[in-house]
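In what follows, a single structure is set out as structure tokens and then discussed.
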Amino acid sequence: MNYTNFTLSDLLPSVGNLSTLPERILIFSLITVIVIDLSNKGKNTTLLYQISLISMLIGVVASLCQWGIQFFLISFENYRISNFSYIFRFLLLTCSILSVLLSIDYIRCSKMALAEFLFFILAAGSGGMVLCWANDLATLYVALELPSLSSCFLSGHTKRDIRSNEATTKFLLMGGASSSLLLYGFSLLYGISGGQLQLDKIASELPFSQHFTVIYVAVASITAGMASKLSLVPFHQWTPDVYEGVSPIPVVASFSVTSKVAAPALFTRLFGLTFPYLSNEWHIVVGLLATSSMILGNLIAITQISMKRMLAYPSISQIGYILIGVLAADPENGYASMITYTFIYILMNLGTFARITSFSLRTGTDNIRDYAGLYMKDPVLTFSPVLRPPSLGGIPPPSGFFGKLYLFWHGWKAGSYPSVLVALVTSVISIYYYLKIIKLMFTGKNGSGDAPTTSIQNSLVSPSISKSSIEIAMIIRALASILSGILIDPIIGITRNTLF
């Protein structure tokens, strides 16, 4: 072979392939997890955890190194790596790592199938990461279905639980309907753009198309499909049922944050790259969806008695807040407000689910009334709830206040006055039901007498065991929530320059 004519252009494809190194690491690790589990017949669970966590940490390091070295910023037709993509890949890897850490005690004590759980977590993470840089319709659709189907299968992880099976069925049916709408919209875009798959080429062809009705039908189908994936009102009905019906709380925690990171990334790239000349039209529609989600999500959450179902409705309103950041994008700050609040939301939400997981392991219940007098029984378990829910509601000093302040300020400057005003009012409403739970923990009296002791004895794990990784994770995330508020300016600086 003649190497004398080897040039830099011959090296670019191999370097470009390194841009997908984090995804390749996760795919290799999920294959390794399955092979080891089959060879050891599910005995060595510690090794499976170590492989998963190490691979995701290596993925984080690889992604950060590529982000810092602009030499790897190479664009190809089928994928396009940018600052926006690097940030969301980091967020998705963070979600996966924290979800696995949260699940260690629960999976071990409930004797669930570990390899399948890790397989779907890694598959959802890798698919979501591909969504952040995919530049053609086919890759986008396949990458979107990977986290969607993984979350669906995770929701049915406890096969003998009737409620879990019901939740999985609803999840699968609604997910299939939303995917069908997306695929229909994609097919219309493919047809009216003259057979183009790349997003930038479709965007360049659409302004010259005479089929305006078809374009609006495509935009409406894609919007409806994405609204269902994002759990926006009125496409939200499946979310509370799935949250409440899924028995493994770490599973609920996983797809509550993974979907809230991957779907907004896809939504932002799809509409920002493909429909820039229709920005006024889709901004109005998205503003209405976000506003209705904030109102309905916070109002219905007040009436809930199940902790998991109660958290489902704030997750609907939270995605409405995040969409304000999408509407507020500008050339100076990019999507900084949306990305910053998404990062803070990950810490807040997973910290809340860590507390629920620990409580469920000890008592076997997620009823809000059973949290009465929790401070007298376990002050450590009460520490995280005192900080986390107020942060979700936007009370200072936790980071949620600063995240919402920055988000609403940029939304106001961008002219989204109705959405910002509704967001302010609904944030006050959310403070009510969050503080109601905290008040119950400190002042409430559990009328069941000795029931808490009995339920702890019959729970999945003894109190001494459950005070390990989950409570450490709760304290770490509580401190991270405060520190991210103190360091909000550096975080905002990093997330700028993310406009397409």
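Ligands are numbered from 1 in the order shown, chains are lettered A, B, ... in the order of the structure tokens, and residues start at 1 in each chain.
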Residue neighbourhood A:Ile431, 9 Å, only C-alpha atoms, exclusion window fewer than 4 positions, as JSON, numbers by chain: {"A": [389, 390, 392, 393, 394, 395, 426, 427, 435, 436]}
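Minimum distance to A:Ser391 across A:Thr303, A:Ser360, A:Thr169, A:Ile482 (counting only C-alpha atoms) occurs at A:Ile482.
Each of A:Gly191, A:Gly325, A:Gly485, A:Gly334 was checked against A:Gly415 using only C-alpha atoms; the smallest atom-to-atom distance is that of A:Gly325.
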Per-residue nearest contacts stretch 56-150 of chain A to stretch 257-274 of chain A, cut-off 10 Å, using only C-alpha atoms, as CSV:
residue,atom,partner,partner_atom,distance
A:Phe84,CA,A:Ala265,CA,8.5
A:Ser85,CA,A:Ala265,CA,8.2
A:Ile87,CA,A:Ala265,CA,10.0
A:Phe88,CA,A:Ala265,CA,7.0
A:Arg89,CA,A:Ala262,CA,8.9
A:Leu91,CA,A:Val261,CA,7.2
A:Leu92,CA,A:Thr258,CA,6.4
A:Leu93,CA,A:Thr258,CA,9.3
A:Thr94,CA,A:Thr258,CA,9.5
A:Cys95,CA,A:Thr258,CA,6.2
A:Ser96,CA,A:Thr258,CA,7.7
A:Ser99,CA,A:Val257,CA,9.0
A:Ile121,CA,A:Thr258,CA,9.4
A:Ala124,CA,A:Thr258,CA,7.7
A:Gly125,CA,A:Thr258,CA,7.5
A:Gly127,CA,A:Ala262,CA,8.7
A:Gly128,CA,A:Ala262,CA,5.1
A:Met129,CA,A:Ala262,CA,7.5
A:Val130,CA,A:Ala262,CA,9.3
A:Leu131,CA,A:Leu266,CA,6.0
A:Cys132,CA,A:Ala265,CA,6.0
A:Trp133,CA,A:Arg269,CA,8.6
A:Ala134,CA,A:Leu266,CA,9.0
A:Asn135,CA,A:Arg269,CA,8.9
A:Asp136,CA,A:Leu270,CA,9.8
A:Leu137,CA,A:Leu270,CA,9.3
A:Leu140,CA,A:Leu266,CA,8.0
A:Tyr141,CA,A:Leu266,CA,9.9
A:Ala143,CA,A:Leu266,CA,9.9
A:Leu144,CA,A:Ala263,CA,8.1
A:Pro147,CA,A:Ser259,CA,7.7
A:Ser148,CA,A:Ser259,CA,8.0
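What separates atom CA of A:Leu183 from atom CA of A:Met226 is a distance of 10.9 Å.
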Every residue of stretch 209-442 of chain A that DSSP places in strand (DSSP E or B), as a PyMOL selection string: chain A and resi 306+330+334+367
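Residues in contact with A:Ser315 at up to 10 Å, not including ones fewer than 6 positions away on its chain and judged by only C-alpha atoms, are Leu230, Ser231, Leu232, Thr239, Pro240, Ser256, Val257, Lys260, Ser293, Met294, Gly297, Asn298, Ala301, Tyr321, Tyr345, Asn349 and Leu392 of chain A.
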